[in-house]
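Below is query_31.cif, which holds mmCIF, C-alpha atoms.
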data_work
loop_
_atom_site.label_atom_id
_atom_site.label_comp_id
_atom_site.auth_asym_id
_atom_site.auth_seq_id
_atom_site.Cartn_x
_atom_site.Cartn_y
_atom_site.Cartn_z
CA MET A 734 21.08 4.23 17.82
CA LYS A 735 17.79 4.90 19.55
CA THR A 736 14.85 2.53 19.55
CA LYS A 737 11.64 3.76 17.95
CA ASN A 738 8.92 3.62 20.58
CA LEU A 739 5.56 2.04 19.82
CA LEU A 740 2.61 4.44 19.83
CA ASN A 741 -0.17 1.88 19.51
CA ILE A 742 -1.45 -1.16 17.65
CA GLU A 743 -4.56 -0.68 15.53
CA GLN A 744 -6.97 -3.58 15.23
CA LYS A 745 -9.64 -3.37 12.52
CA THR A 746 -12.09 -6.21 11.96
CA GLY A 747 -14.93 -4.73 9.88
CA GLN A 748 -15.14 -5.61 6.22
CA HIS A 749 -16.93 -4.04 3.25
CA TRP A 750 -17.08 -4.69 -0.47
CA VAL A 751 -15.33 -2.52 -3.02
CA GLY A 752 -17.11 -3.31 -6.26
CA ASN A 753 -17.99 -6.99 -6.38
CA GLY A 754 -14.42 -8.30 -6.28
CA PHE A 755 -12.71 -6.95 -3.19
CA PRO A 756 -13.77 -7.76 0.41
CA VAL A 757 -11.85 -4.99 2.16
CA THR A 758 -10.82 -4.09 5.69
CA THR A 759 -9.75 -0.46 5.82
CA ILE A 760 -6.81 -0.36 8.24
CA PHE A 761 -6.62 3.45 8.10
CA SER A 762 -7.72 6.28 5.81
CA TYR A 763 -7.14 10.00 5.29
CA ASP A 764 -10.19 10.67 7.46
CA ASP A 765 -8.44 9.30 10.54
CA LEU A 766 -4.82 8.16 10.83
CA GLY A 767 -3.88 9.21 7.31
CA LYS A 768 -3.01 12.70 8.51
CA GLU A 769 -0.72 11.32 11.23
CA LEU A 770 0.83 8.69 8.95
CA SER A 771 1.89 11.10 6.19
CA PRO A 772 2.86 10.46 3.42
CA PHE A 773 0.58 7.41 3.66
CA LEU A 774 -3.10 8.22 3.23
CA LEU A 775 -5.02 4.95 3.25
CA LEU A 776 -4.43 1.22 3.60
CA ASP A 777 -6.96 -1.40 2.51
CA TYR A 778 -6.49 -5.11 3.16
CA ALA A 779 -8.53 -7.27 0.76
CA GLY A 780 -9.22 -10.90 1.61
CA PRO A 781 -8.03 -13.52 1.90
CA MET A 782 -11.20 -14.86 0.35
CA ALA A 783 -11.87 -17.91 -1.82
CA PHE A 784 -13.89 -17.11 -4.95
CA GLU A 785 -15.87 -19.76 -6.80
CA PRO A 786 -15.34 -20.18 -10.56
CA SER A 787 -17.43 -17.74 -12.56
CA ASN A 788 -17.94 -16.37 -16.06
CA ILE A 789 -19.02 -13.01 -14.69
CA PRO A 790 -16.21 -10.41 -14.36
CA ARG A 791 -15.50 -9.30 -10.79
CA GLY A 792 -13.80 -6.15 -9.61
CA VAL A 793 -14.22 -2.38 -9.74
CA GLU A 794 -15.40 -0.71 -12.93
CA GLN A 795 -13.87 2.52 -14.22
CA HIS A 796 -13.48 5.21 -11.54
CA PRO A 797 -11.38 8.38 -11.06
CA HIS A 798 -8.45 9.39 -8.85
CA ARG A 799 -6.56 12.67 -8.42
CA GLY A 800 -3.78 13.97 -6.18
CA PHE A 801 -1.99 10.81 -4.98
CA GLU A 802 -0.65 7.35 -5.90
CA THR A 803 -2.12 3.89 -5.45
CA VAL A 804 0.17 0.97 -4.63
CA THR A 805 -1.35 -2.50 -5.06
CA ILE A 806 0.60 -5.52 -3.74
CA VAL A 807 -0.78 -8.95 -4.60
CA TYR A 808 -0.15 -11.89 -2.24
CA GLN A 809 -2.65 -14.36 -3.74
CA GLY A 810 -4.76 -14.25 -6.89
CA GLU A 811 -4.43 -12.24 -10.10
CA LEU A 812 -5.69 -8.81 -11.20
CA GLU A 813 -6.07 -6.96 -14.48
CA HIS A 814 -5.67 -3.19 -14.74
CA ARG A 815 -6.69 -0.75 -17.46
CA ASP A 816 -6.74 3.04 -17.53
CA ASN A 817 -7.67 5.83 -19.91
CA ALA A 818 -4.00 6.72 -20.49
CA GLY A 819 -3.68 3.51 -22.47
CA ASN A 820 -1.97 1.45 -19.76
CA ALA A 821 -3.07 -2.14 -19.23
CA GLY A 822 -1.52 -5.08 -17.47
CA LYS A 823 -1.84 -8.13 -15.27
CA ILE A 824 -0.32 -8.70 -11.84
CA GLY A 825 -0.19 -11.84 -9.71
CA PRO A 826 1.42 -13.09 -6.48
CA GLY A 827 4.41 -10.94 -5.52
CA ASP A 828 3.72 -8.31 -8.18
CA VAL A 829 3.14 -4.62 -7.51
CA GLN A 830 1.17 -1.97 -9.42
CA TRP A 831 2.29 1.59 -8.59
CA MET A 832 -0.06 4.08 -10.23
CA THR A 833 0.42 7.84 -10.03
CA ALA A 834 -2.98 9.46 -10.52
CA ALA A 835 -1.57 13.02 -10.21
CA ARG A 836 -3.83 15.45 -12.15
CA GLY A 837 -6.36 12.74 -12.88
CA ILE A 838 -6.84 9.29 -14.29
CA LEU A 839 -9.73 6.88 -14.86
CA HIS A 840 -9.01 3.20 -14.29
CA GLU A 841 -10.56 -0.15 -13.53
CA GLU A 842 -9.31 -3.09 -11.48
CA MET A 843 -10.75 -6.51 -12.19
CA HIS A 844 -10.00 -10.11 -11.35
CA GLU A 845 -7.89 -11.59 -14.15
CA ARG A 846 -10.03 -13.54 -16.63
CA ASP A 847 -8.52 -16.99 -16.12
CA PHE A 848 -8.51 -16.49 -12.34
CA THR A 849 -12.21 -15.57 -12.52
CA GLN A 850 -13.06 -18.68 -14.54
CA LYS A 851 -10.98 -21.09 -12.46
CA GLY A 852 -11.67 -19.52 -9.07
CA GLY A 853 -9.17 -19.21 -6.25
CA THR A 854 -8.08 -17.20 -3.24
CA LEU A 855 -7.52 -13.44 -3.46
CA GLU A 856 -5.34 -11.56 -0.96
CA MET A 857 -3.87 -8.13 -1.60
CA ILE A 858 -3.33 -4.72 -0.09
CA GLN A 859 -3.78 -1.28 -1.59
CA LEU A 860 -1.87 1.64 -0.18
CA TRP A 861 -2.51 5.29 -1.06
CA VAL A 862 0.59 7.50 -1.02
CA ASN A 863 0.20 11.28 -0.96
CA LEU A 864 1.87 13.61 -3.44
CA PRO A 865 3.32 16.99 -2.47
CA ALA A 866 1.32 19.99 -3.71
CA LYS A 867 3.82 20.71 -6.48
CA ASP A 868 3.25 17.25 -8.01
CA LYS A 869 -0.51 16.81 -7.50
CA MET A 870 -1.33 18.19 -10.95
CA GLY A 871 1.58 16.49 -12.72
CA THR A 872 1.41 13.86 -15.45
CA PRO A 873 -0.08 10.48 -14.49
CA ARG A 874 2.19 7.45 -14.77
CA TYR A 875 2.04 3.72 -14.24
CA GLN A 876 4.68 1.32 -12.90
CA GLU A 877 4.02 -2.40 -13.29
CA ILE A 878 6.64 -4.03 -11.06
CA LEU A 879 6.71 -7.80 -11.42
CA ASN A 880 7.93 -10.09 -8.67
CA ASN A 881 11.20 -10.92 -10.44
CA GLU A 882 11.95 -7.20 -10.81
CA ILE A 883 11.82 -6.50 -7.07
CA PRO A 884 15.27 -6.64 -5.42
CA VAL A 885 15.52 -9.26 -2.65
CA VAL A 886 17.92 -9.22 0.29
CA THR A 887 18.40 -12.71 1.73
CA LEU A 888 18.86 -12.70 5.50
CA ALA A 889 21.70 -14.62 7.14
CA GLU A 890 21.29 -18.06 8.74
CA ASN A 891 18.08 -18.87 6.89
CA GLY A 892 16.42 -15.88 8.53
CA GLY A 893 14.14 -15.07 5.60
CA LYS A 894 14.18 -12.25 3.05
CA VAL A 895 13.38 -8.59 2.50
CA ARG A 896 11.72 -7.57 -0.77
CA VAL A 897 12.63 -3.93 -1.39
CA ILE A 898 9.59 -2.52 -3.17
CA ALA A 899 10.60 1.11 -2.67
CA GLY A 900 13.39 3.04 -0.97
CA ASP A 901 16.63 1.56 0.32
CA TYR A 902 17.37 -1.43 2.52
CA GLN A 903 21.03 -1.66 3.58
CA GLY A 904 22.20 -0.25 0.27
CA THR A 905 19.79 -2.22 -1.93
CA ARG A 906 17.57 0.17 -3.88
CA GLY A 907 13.89 -0.58 -4.37
CA ALA A 908 12.16 -1.06 -7.69
CA ALA A 909 9.63 1.79 -7.53
CA LYS A 910 10.24 5.42 -8.43
CA THR A 911 8.78 7.76 -5.81
CA PHE A 912 8.23 11.51 -5.51
CA THR A 913 9.31 11.77 -1.86
CA PRO A 914 11.62 9.56 0.27
CA ILE A 915 9.67 6.35 1.01
CA ASN A 916 10.65 2.86 2.16
CA VAL A 917 8.22 0.01 1.45
CA TRP A 918 9.69 -3.34 2.49
CA ASP A 919 7.94 -6.71 2.33
CA ILE A 920 9.69 -8.73 5.05
CA HIS A 921 9.40 -12.52 5.33
CA LEU A 922 10.86 -13.89 8.59
CA ASN A 923 11.19 -17.56 9.44
CA GLN A 924 10.08 -18.76 12.89
CA GLY A 925 12.56 -17.91 15.63
CA GLN A 926 14.54 -15.50 13.45
CA LYS A 927 15.34 -11.87 14.24
CA ILE A 928 15.97 -8.73 12.24
CA GLU A 929 17.02 -5.26 13.27
CA LEU A 930 15.80 -2.44 11.04
CA SER A 931 17.66 0.82 10.64
CA LEU A 932 15.14 3.55 9.83
CA PRO A 933 15.58 7.28 9.16
CA LYS A 934 14.97 9.46 12.19
CA GLY A 935 11.96 11.74 11.73
CA PHE A 936 10.19 9.46 9.23
CA THR A 937 6.71 8.07 9.79
CA THR A 938 6.88 4.33 10.52
CA ALA A 939 4.11 1.72 10.55
CA LEU A 940 4.10 -2.08 10.32
CA LEU A 941 1.25 -4.18 8.93
CA GLY A 942 1.07 -7.80 10.01
CA MET A 943 0.33 -9.94 6.95
CA LYS A 944 1.02 -13.44 8.25
CA GLY A 945 2.06 -15.06 11.52
CA THR A 946 3.26 -13.12 14.56
CA VAL A 947 6.31 -11.01 15.39
CA VAL A 948 7.52 -9.48 18.66
CA MET A 949 8.57 -5.84 18.26
CA ASN A 950 11.45 -4.50 20.36
CA SER A 951 11.19 -7.58 22.61
CA THR A 952 7.93 -6.25 24.04
CA ASN A 953 4.77 -6.11 21.92
CA THR A 954 3.32 -8.74 19.58
CA LEU A 955 2.02 -7.87 16.10
CA ASN A 956 -0.59 -10.21 14.65
CA ARG A 957 -2.08 -10.55 11.20
CA LYS A 958 -4.20 -7.59 10.03
CA GLU A 959 -2.86 -5.37 12.82
CA LEU A 960 -1.06 -2.06 12.28
CA ALA A 961 1.71 -0.93 14.64
CA ARG A 962 2.51 2.81 14.69
CA PHE A 963 5.79 4.17 15.96
CA GLU A 964 7.14 7.53 17.05
CA ARG A 965 9.07 9.48 14.43
CA ASP A 966 11.99 9.85 16.81
CA GLY A 967 14.51 7.03 16.94
CA ASP A 968 16.12 4.97 14.20
CA ARG A 969 16.10 1.34 15.35
CA LEU A 970 13.39 -1.32 15.33
CA ALA A 971 13.90 -4.98 16.25
CA LEU A 972 11.62 -7.84 15.15
CA GLU A 973 11.53 -11.49 16.17
CA ALA A 974 9.24 -13.99 14.47
CA THR A 975 7.39 -16.31 16.83
CA SER A 976 6.00 -18.12 13.78
CA ASP A 977 6.72 -17.84 10.05
CA ALA A 978 5.72 -14.23 9.46
CA THR A 979 5.24 -11.60 6.78
CA VAL A 980 5.34 -7.92 7.73
CA LEU A 981 4.89 -4.91 5.46
CA VAL A 982 7.03 -1.96 6.56
CA LEU A 983 5.82 1.55 5.66
CA ASN A 984 8.35 4.28 6.30
CA GLY A 985 8.38 7.74 4.76
CA GLU A 986 9.27 11.39 5.10
CA PRO A 987 6.15 13.31 6.20
CA ILE A 988 4.64 15.80 3.75
CA ASN A 989 3.84 18.73 5.98
CA GLU A 990 0.96 20.14 3.94
CA PRO A 991 -2.83 20.26 4.48
CA ILE A 992 -4.78 17.13 3.53
CA VAL A 993 -8.31 17.54 2.19
CA GLY A 994 -9.90 14.40 0.81
CA GLN A 995 -13.26 13.37 -0.59
CA GLY A 996 -13.81 9.94 -2.07
CA PRO A 997 -11.15 9.28 -4.73
CA PHE A 998 -9.67 12.80 -4.60
CA VAL A 999 -7.01 14.02 -2.14
CA MET A 1000 -5.80 17.60 -2.47
CA ASN A 1001 -4.70 20.49 -0.21
CA THR A 1002 -7.86 22.65 -0.17
CA GLN A 1003 -11.62 22.22 -0.45
CA GLU A 1004 -11.55 24.44 -3.54
CA GLU A 1005 -9.20 21.95 -5.23
CA ILE A 1006 -11.58 19.10 -4.37
CA LEU A 1007 -14.49 20.99 -5.95
CA GLN A 1008 -12.33 21.63 -9.02
CA ALA A 1009 -11.50 17.94 -9.24
CA MET A 1010 -15.20 17.08 -9.25
CA THR A 1011 -15.87 19.70 -11.93
CA ASP A 1012 -13.00 18.45 -14.09
CA TYR A 1013 -14.12 14.84 -13.74
CA ARG A 1014 -17.72 15.63 -14.73
CA ALA A 1015 -16.45 17.66 -17.68
CA GLY A 1016 -14.32 14.75 -18.93
CA ARG A 1017 -11.00 16.49 -18.33
CA PHE A 1018 -9.30 13.51 -16.63
#

Turn this file's structure into structure tokens for me.
Amino acid sequence: MKTKNLLNIEQKTGQHWVGNGFPVTTIFSYDDLGKELSPFLLLDYAGPMAFEPSNIPRGVEQHPHRGFETVTIVYQGELEHRDNAGNAGKIGPGDVQWMTAARGILHEEMHERDFTQKGGTLEMIQLWVNLPAKDKMGTPRYQEILNNEIPVVTLAENGGKVRVIAGDYQGTRGAAKTFTPINVWDIHLNQGQKIELSLPKGFTTALLGMKGTVVMNSTNTLNRKELARFERDGDRLALEATSDATVLVLNGEPINEPIVGQGPFVMNTQEEILQAMTDYRAGRF
């Protein structure tokens, strides 16, 4: 086995509002690291933020997407989702919403009604996953993956646990269906515990610190809201928690195709972006 070498640690501190419900730090997007982190296009970290009780709905009203998938993982708070394909649902702590926009979908994401009225803390991430060209104009689909449907691997000696959202962790298959080989693991490590990850050689690998601190390969420390990027070569990555920690592992086979993005559309050519805008205006989503 060969250790995956660290490329760098990204630190993003700026925050902006998406709608009136999501205070977001964009960790990376398709305009910068998204092309190097294929198949991952964008990663937004929302919160944590305490919201006062309100009778006014908060969130993002109906908007379009085409050409990729959105993956929403809730750590605190509750969200409601609705789209023009007739899908609707509610997700809370530990739940995942995996939406395939493909040829086009219109959806809205709002704070859940009771959560809005009672108030509380919201913390979540949204990941955009690219689709290969052959699937970009496929049929949209929606996967609501509740916490109790996500396979969990319990680590030895009270080490913590690995929630296998997508892909495969030591023979345990993840809950999500994906178009290309992707591993998304939500790792919870107790203080002082270690874990050694076996990762496919040649895959893109990035770690997002969600809580606490971990030391990677006995050398570099990953803090909350930091993104560590690793070389595609190598297949081993060691983590040690210096406090109770949560780390999101993103690992996937690169899609070696052009990336052209504008707003909520990500395609392979500028002509396809213009067509997406035309189709959206004409009501063809």

Interface rows for segment 937-967 of chain A against segment 773-785 of chain A: nearest pair, Å to one decimal, 12 Å, only C-alpha atoms, as CSV:
residue,atom,partner,partner_atom,distance
A:Thr937,CA,A:Phe773,CA,8.7
A:Thr938,CA,A:Phe773,CA,9.8
A:Ala939,CA,A:Phe773,CA,9.6
A:Leu940,CA,A:Leu776,CA,11.3
A:Leu941,CA,A:Leu776,CA,9.5
A:Gly942,CA,A:Tyr778,CA,10.6
A:Met943,CA,A:Tyr778,CA,9.2
A:Lys944,CA,A:Pro781,CA,11.1
A:Arg957,CA,A:Tyr778,CA,10.7
A:Lys958,CA,A:Tyr778,CA,7.7
A:Glu959,CA,A:Tyr778,CA,10.3
A:Leu960,CA,A:Leu776,CA,9.9

- Taking all atoms listed in the file into account, which of A:Met870, A:Ile824, A:Ile742, A:Ile878 comes nearest Ala1009 of chain A?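 Using all atoms listed in the file, the shortest distance to Ala1009 of chain A belongs to A:Met870.
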
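When the PyMOL selection byres ((chain A and resi 794) around 12) is evaluated against the file, it yields Val751, Gly752, Asn753, Gly754, Phe755, Pro790, Arg791, Gly792, Val793, Gln795, His796, Pro797, Glu813, His814, Arg815, Asp816, Leu839, His840, Glu841, Glu842, Met843 and His844 of chain A.
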
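With atom CA of Asn953 of chain A on one side and atom CA of Phe761 of chain A on the other, the separation reads 20.3 Å.
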
- If you measure from atom CA of Thr975 of chain A to atom CA of Asn956 of chain A, what distance in Å do you get, rounded to one decimal?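 Distance reported for this atom pair: 10.3 Å.
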
- Task: Report the distance between atom CA of Leu1007 of chain A and atom CA of Val862 of chain A in Å, rounded to one decimal place.
- Result: 20.8 Å
